[in-house]
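K.L.:
Structure in structure tokens, see below.
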Amino acid sequence: MDKRTVLIVNEDAGASSRFSNLLSGSGFSNHLEFSHKRAMAWLSEGNSPLLTLLNITQSGPSGLTFLTWMREANPTLPIVVVGATTQIRLIVEAVQLGASDYLIDPFDAQQARLAIEHALEHQKGSEVKCAAPDLLFQGSFTSSEMIRACEIAKMVARTDVPVLITGESGVGKEVFARFIHNHSPRANKRLIKVNCAALPNDLLESELFGYERGAFTGATVEKPGKFELADDGAILLDEIGEMSPALQAKLLHVLQDGEFSRLGGNKQLRVDARIMASTNRRLEEAVARGEFRDDLYFRLNVIRIKVPPLRERKQEIPFLSNYFVQKYRDKYGSRVQELPPKILQRFVDYDWPGNVRQLENVIKRYLILPELDVELGDVSDHPRPAVSKPPQPEAVVPSRPAAAYSLPSPPSLPAEFASLRQVGELAAERAEREVVLWMLEQTSWNRKLAARRLNISYKALLNKIKKWQMHRPQATLTGGPRRRTITAVPTTESEQYSIHAVYSAKVVS
């Protein structure tokens, strides 16, 4: 064991003595115990310890201030933060500020040894490696955001606190969830994944919590839910932002008490499952709009991992491209050994709206058909239905010359009106409803065909129809002429204003 000095920073001398004994038992015999003020003076003299053990149990936020100073003074110094079980948020903030690892008090000598060893390994190189067989890479990321995300994932893996993984579709949120599970004490148990956007809410409830025999028509036998299957393991709630408020309340109960009941049952079941959640939505905005429970959000957002989009870490595209070539070359029997420099440069210059998933699919295509030139435009945008252009929303045209048309003055806005962004979101949703309804009419309300032409799943289309309360007009049921009807109309003055403004803008243009 290295005999260089270990610095213990603690405002409580009694606690420092306990840490000193623990370090001595772990083979670190040379250590100093200082308060924040004395430690700052000692470090300012040019001294550099092997490791710093910073206890924030008593100091709290002032300990984070000292951590910030230490990290600025020595960016590579290994720092292990010690905090109480009630200080999870402070510990997370300490990791985000640059702590190499953490310990939750009380802890034993083995836990301390592992944290110290990990912190010392962190110092060995300037690049933080985040390699594992279950990840989509076998090397090091170089962008600071991905390095930080990997650091947090590695450190949080050993705990059972909830984790919220955010990022755009295709960035690899599930990859991070599997990495965390595979490096946790529950790694030999099951990780159950549930896509909250793929099922209607009534089916999602039975999928999550199970049901008893006779709970509803067709429930001929009892069925355990995903939470029961994940007992002693972990569960990943993918796209949790799509969950209904009623289900959010039941999930909150599971997070708080670890208890739930099956559909149609009265017996309370207990589970011990680690909960991870992922979403591509901005949950803070959903909470502000009342679409997501704030208490559930705070329960899930104990530790948050934000995975940046690929366009913000283009320096990793050559590495990821090479990884996918090596991964799929033998599987597809391709003779391609590596990507030509010209194609690789085009990959680096491209913004990849589909992120890593899109890059993976493009490379698969190239491995199978290397003779074809890679046209990123063919794979960049989401496929659109090969039908005629949908009709524009109708607008009331004033009876005056076209040259005199001008945008109307906005009406008095309601108190809850937020911003121009809100106007855009409301108008975008209305436009989406228009296109969905138009496609349903084009396909005579053949929902499977409409979903295929819209390039969305059948279940996603059903969810949209239910959300917007769309109903097939009676005339189309009897074979009469179709009439374009929207039953989901603007319900707020701000929504009506946003749509009116968009339609008026179309008239002017």
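We name chains A, B, ... following the order of the structure tokens; residues begin at 1 in each chain, and ligands are numbered from 1 as shown.
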Which polymer residues have any atom within 9 Å of an atom of A:Tyr458, counting only C-alpha atoms, with same-chain residues fewer than 3 positions away left out, as a ChimeraX atom specification?
P.N.:
/A:198,447-452,461-463
K.L.:
For stretch 199-211 of chain A, please output as a ChimeraX atom specification all residues within 9 Å (counting only C-alpha atoms; exclusion window: fewer than 5 positions along the same chain).
P.N.:
/A:194,216,219,221-228,243-244,246-247,260-265,459-460,462-463,466
K.L.:
Could you tell me which of A:Arg313, A:Arg186, A:His253, A:Arg213 comes closest to A:Leu269 if we count only C-alpha atoms?
P.N.:
A:His253
K.L.:
Stretch 36-44 of chain A: which residues within 12 Å, counting only C-alpha atoms, same-chain residues fewer than 4 positions away excluded, as a PyMOL selection string?
P.N.:
chain A and resi 6-13+32+48-49+52-56+58-59+62-74+77
K.L.:
Show me, as a count of residues only, the residues that have an atom within 10 Å of A:Arg357 when counting only C-alpha atoms, minus same-chain residues fewer than 6 positions from it.
P.N.:
5
K.L.:
Have a look at atom CA of A:Glu45 and atom CA of A:Leu90 and let me know their distance in Å, one decimal.
P.N.:
28.7 Å
K.L.:
Which one is closest to A:Thr166: A:Val325, A:Leu229, A:Val348, A:Val307? Count only C-alpha atoms.
P.N.:
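Checking each candidate against A:Thr166, we get A:Val307 as the closest.
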K.L.:
Dump as JSON lines the rows for residues of stretch 113-225 of chain A within 7 Å of stretch 238-241 of chain A: closest atom pair and distance in Å with one decimal, only C-alpha atoms counted, ordered by chain and rising residue number.
P.N.:
```
{"residue": "A:Lys193", "atom": "CA", "partner": "A:Asp238", "partner_atom": "CA", "distance": 7.0}
{"residue": "A:Val194", "atom": "CA", "partner": "A:Asp238", "partner_atom": "CA", "distance": 5.9}
{"residue": "A:Asn195", "atom": "CA", "partner": "A:Asp238", "partner_atom": "CA", "distance": 4.8}
{"residue": "A:Cys196", "atom": "CA", "partner": "A:Glu239", "partner_atom": "CA", "distance": 5.6}
{"residue": "A:Ala197", "atom": "CA", "partner": "A:Glu239", "partner_atom": "CA", "distance": 6.0}
```
K.L.:
Kindly save the residues from that selection, with N, CA and C atoms included, as a compact mmCIF listing (two decimals), in the first residue's frame.
P.N.:
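This went into selection.txt:
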```txt
# COMPACT_ATOMS: atom_id res chain seq x y z
N LYS A 193 -37.42 -4.42 -17.90
CA LYS A 193 -37.68 -3.16 -18.61
C LYS A 193 -39.14 -3.08 -19.00
N VAL A 194 -39.74 -1.92 -18.75
CA VAL A 194 -41.13 -1.67 -19.12
C VAL A 194 -41.17 -0.37 -19.92
N ASN A 195 -41.72 -0.43 -21.13
CA ASN A 195 -41.87 0.77 -21.96
C ASN A 195 -43.23 1.38 -21.66
N CYS A 196 -43.25 2.49 -20.95
CA CYS A 196 -44.50 3.10 -20.52
C CYS A 196 -45.26 3.75 -21.66
N ALA A 197 -44.59 3.98 -22.79
CA ALA A 197 -45.26 4.61 -23.93
C ALA A 197 -45.87 3.60 -24.89
```
K.L.:
From a backbone DSSP assignment, name each residue in stretch 223-397 of chain A labelled strand (DSSP E or B), as a PyMOL selection string.
P.N.:
chain A and resi 223+234-238+259-260+263+269-270+274-279+303-306
K.L.:
Would you work out the distance separating atom CA of A:Trp445 from atom CA of A:Arg472, expressed in Å to one decimal?
P.N.:
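Separation of atom CA of A:Trp445 and atom CA of A:Arg472: 7.0 Å.
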K.L.:
Find the spatial neighbours of A:Met276, counting only C-alpha atoms, within a cut-off of 8 Å - ignore same-chain residues fewer than 3 positions away - and output them as a list in words.
P.N.:
Pro162, Val163, Leu164, Ile165, Ala177, Ala234, Ile235, Leu236, Leu237 and Leu300 of chain A
K.L.:
Which parts of stretch 34-146 of chain A does DSSP call alpha helix (DSSP H) when run on the backbone here, written out as number ranges by chain?
P.N.:
A: 36-44, 61-73, 88-97, 109-123, 144-146
K.L.:
Using N, CA and C atoms, can you export the residues from the last selection as a compact mmCIF listing (two decimals), in the first residue's frame?
P.N.:
```txt
# COMPACT_ATOMS: atom_id res chain seq x y z
N HIS A 36 -11.33 22.38 8.01
CA HIS A 36 -11.31 23.02 6.70
C HIS A 36 -10.23 24.10 6.64
N LYS A 37 -10.16 24.92 7.66
CA LYS A 37 -9.23 26.04 7.66
C LYS A 37 -7.79 25.57 7.67
N ARG A 38 -7.49 24.60 8.54
CA ARG A 38 -6.12 24.10 8.62
C ARG A 38 -5.74 23.32 7.36
N ALA A 39 -6.68 22.58 6.82
CA ALA A 39 -6.40 21.82 5.60
C ALA A 39 -6.12 22.76 4.43
N MET A 40 -6.87 23.87 4.36
CA MET A 40 -6.64 24.83 3.28
C MET A 40 -5.24 25.44 3.40
N ALA A 41 -4.82 25.74 4.62
CA ALA A 41 -3.48 26.31 4.82
C ALA A 41 -2.42 25.28 4.45
N TRP A 42 -2.61 24.03 4.84
CA TRP A 42 -1.63 22.98 4.55
C TRP A 42 -1.50 22.75 3.05
N LEU A 43 -2.62 22.71 2.34
CA LEU A 43 -2.58 22.50 0.89
C LEU A 43 -1.99 23.72 0.19
N SER A 44 -2.24 24.91 0.73
CA SER A 44 -1.72 26.14 0.11
C SER A 44 -0.21 26.22 0.19
N PRO A 61 -23.16 22.04 3.49
CA PRO A 61 -22.81 22.89 2.34
C PRO A 61 -21.43 23.51 2.43
N SER A 62 -20.95 23.82 3.62
CA SER A 62 -19.61 24.41 3.72
C SER A 62 -18.55 23.40 3.28
N GLY A 63 -18.83 22.12 3.46
CA GLY A 63 -17.92 21.10 2.97
C GLY A 63 -17.85 21.09 1.45
N LEU A 64 -19.00 21.37 0.79
CA LEU A 64 -19.00 21.45 -0.67
C LEU A 64 -18.21 22.66 -1.15
N THR A 65 -18.28 23.74 -0.39
CA THR A 65 -17.48 24.92 -0.74
C THR A 65 -16.00 24.60 -0.69
N PHE A 66 -15.59 23.86 0.35
CA PHE A 66 -14.19 23.46 0.47
C PHE A 66 -13.81 22.50 -0.67
N LEU A 67 -14.73 21.60 -1.03
CA LEU A 67 -14.48 20.68 -2.13
C LEU A 67 -14.23 21.45 -3.43
N THR A 68 -15.03 22.48 -3.68
CA THR A 68 -14.85 23.29 -4.89
C THR A 68 -13.47 23.94 -4.89
N TRP A 69 -13.05 24.44 -3.76
CA TRP A 69 -11.72 25.07 -3.67
C TRP A 69 -10.63 24.04 -3.94
N MET A 70 -10.76 22.86 -3.35
CA MET A 70 -9.74 21.81 -3.55
C MET A 70 -9.67 21.40 -5.01
N ARG A 71 -10.83 21.24 -5.65
CA ARG A 71 -10.82 20.79 -7.04
C ARG A 71 -10.21 21.84 -7.95
N GLU A 72 -10.43 23.12 -7.65
CA GLU A 72 -9.81 24.18 -8.45
C GLU A 72 -8.31 24.22 -8.22
N ALA A 73 -7.88 23.96 -6.99
CA ALA A 73 -6.45 24.00 -6.68
C ALA A 73 -5.71 22.80 -7.26
N ILE A 88 -28.16 12.45 0.78
CA ILE A 88 -27.94 11.91 -0.56
C ILE A 88 -27.80 13.04 -1.59
N ARG A 89 -28.64 14.05 -1.47
CA ARG A 89 -28.56 15.15 -2.45
C ARG A 89 -27.22 15.89 -2.36
N LEU A 90 -26.72 16.08 -1.13
CA LEU A 90 -25.41 16.72 -0.98
C LEU A 90 -24.31 15.85 -1.58
N ILE A 91 -24.42 14.55 -1.39
CA ILE A 91 -23.41 13.63 -1.94
C ILE A 91 -23.43 13.69 -3.46
N VAL A 92 -24.62 13.69 -4.04
CA VAL A 92 -24.73 13.79 -5.50
C VAL A 92 -24.12 15.10 -5.99
N GLU A 93 -24.41 16.18 -5.29
CA GLU A 93 -23.83 17.47 -5.68
C GLU A 93 -22.31 17.44 -5.56
N ALA A 94 -21.81 16.74 -4.54
CA ALA A 94 -20.36 16.63 -4.38
C ALA A 94 -19.74 15.89 -5.56
N VAL A 95 -20.40 14.83 -6.01
CA VAL A 95 -19.90 14.09 -7.18
C VAL A 95 -19.91 14.97 -8.41
N GLN A 96 -20.97 15.76 -8.57
CA GLN A 96 -21.03 16.66 -9.71
C GLN A 96 -19.98 17.75 -9.64
N LEU A 97 -19.55 18.09 -8.43
CA LEU A 97 -18.51 19.11 -8.27
C LEU A 97 -17.11 18.55 -8.46
N ALA A 109 -14.99 -1.35 6.79
CA ALA A 109 -13.64 -1.20 6.25
C ALA A 109 -13.57 -1.62 4.78
N GLN A 110 -14.32 -2.66 4.41
CA GLN A 110 -14.29 -3.13 3.03
C GLN A 110 -14.85 -2.08 2.08
N GLN A 111 -15.94 -1.45 2.47
CA GLN A 111 -16.51 -0.40 1.63
C GLN A 111 -15.54 0.77 1.49
N ALA A 112 -14.87 1.12 2.58
CA ALA A 112 -13.90 2.20 2.53
C ALA A 112 -12.74 1.86 1.61
N ARG A 113 -12.26 0.62 1.71
CA ARG A 113 -11.14 0.20 0.86
C ARG A 113 -11.52 0.29 -0.63
N LEU A 114 -12.72 -0.17 -0.97
CA LEU A 114 -13.15 -0.14 -2.37
C LEU A 114 -13.26 1.30 -2.88
N ALA A 115 -13.82 2.19 -2.05
CA ALA A 115 -13.96 3.58 -2.47
C ALA A 115 -12.59 4.23 -2.66
N ILE A 116 -11.66 3.94 -1.77
CA ILE A 116 -10.32 4.53 -1.88
C ILE A 116 -9.60 4.00 -3.11
N GLU A 117 -9.71 2.69 -3.34
CA GLU A 117 -9.05 2.11 -4.52
C GLU A 117 -9.63 2.69 -5.80
N HIS A 118 -10.93 2.88 -5.83
CA HIS A 118 -11.54 3.45 -7.03
C HIS A 118 -11.07 4.89 -7.24
N ALA A 119 -10.98 5.66 -6.17
CA ALA A 119 -10.53 7.04 -6.29
C ALA A 119 -9.09 7.11 -6.78
N LEU A 120 -8.24 6.19 -6.32
CA LEU A 120 -6.85 6.18 -6.76
C LEU A 120 -6.74 5.75 -8.23
N GLU A 121 -7.60 4.81 -8.65
CA GLU A 121 -7.61 4.41 -10.06
C GLU A 121 -8.03 5.57 -10.95
N HIS A 122 -8.93 6.39 -10.40
CA HIS A 122 -9.42 7.55 -11.15
C HIS A 122 -8.29 8.52 -11.48
N GLN A 123 -7.26 8.53 -10.66
CA GLN A 123 -6.15 9.47 -10.84
C GLN A 123 -5.15 8.99 -11.88
N SER A 144 -16.51 15.81 -22.13
CA SER A 144 -16.60 15.99 -20.68
C SER A 144 -17.95 15.54 -20.13
N GLU A 145 -19.04 15.77 -20.88
CA GLU A 145 -20.36 15.38 -20.39
C GLU A 145 -20.50 13.87 -20.31
N MET A 146 -19.98 13.15 -21.30
CA MET A 146 -20.06 11.70 -21.26
C MET A 146 -19.15 11.12 -20.19
```
K.L.:
So the first atom is atom CA of A:Ser278 and the second is atom CA of A:Lys173; what is the distance between them in Å, to one decimal place?
P.N.:
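Here the two named atoms are 6.6 Å from each other.
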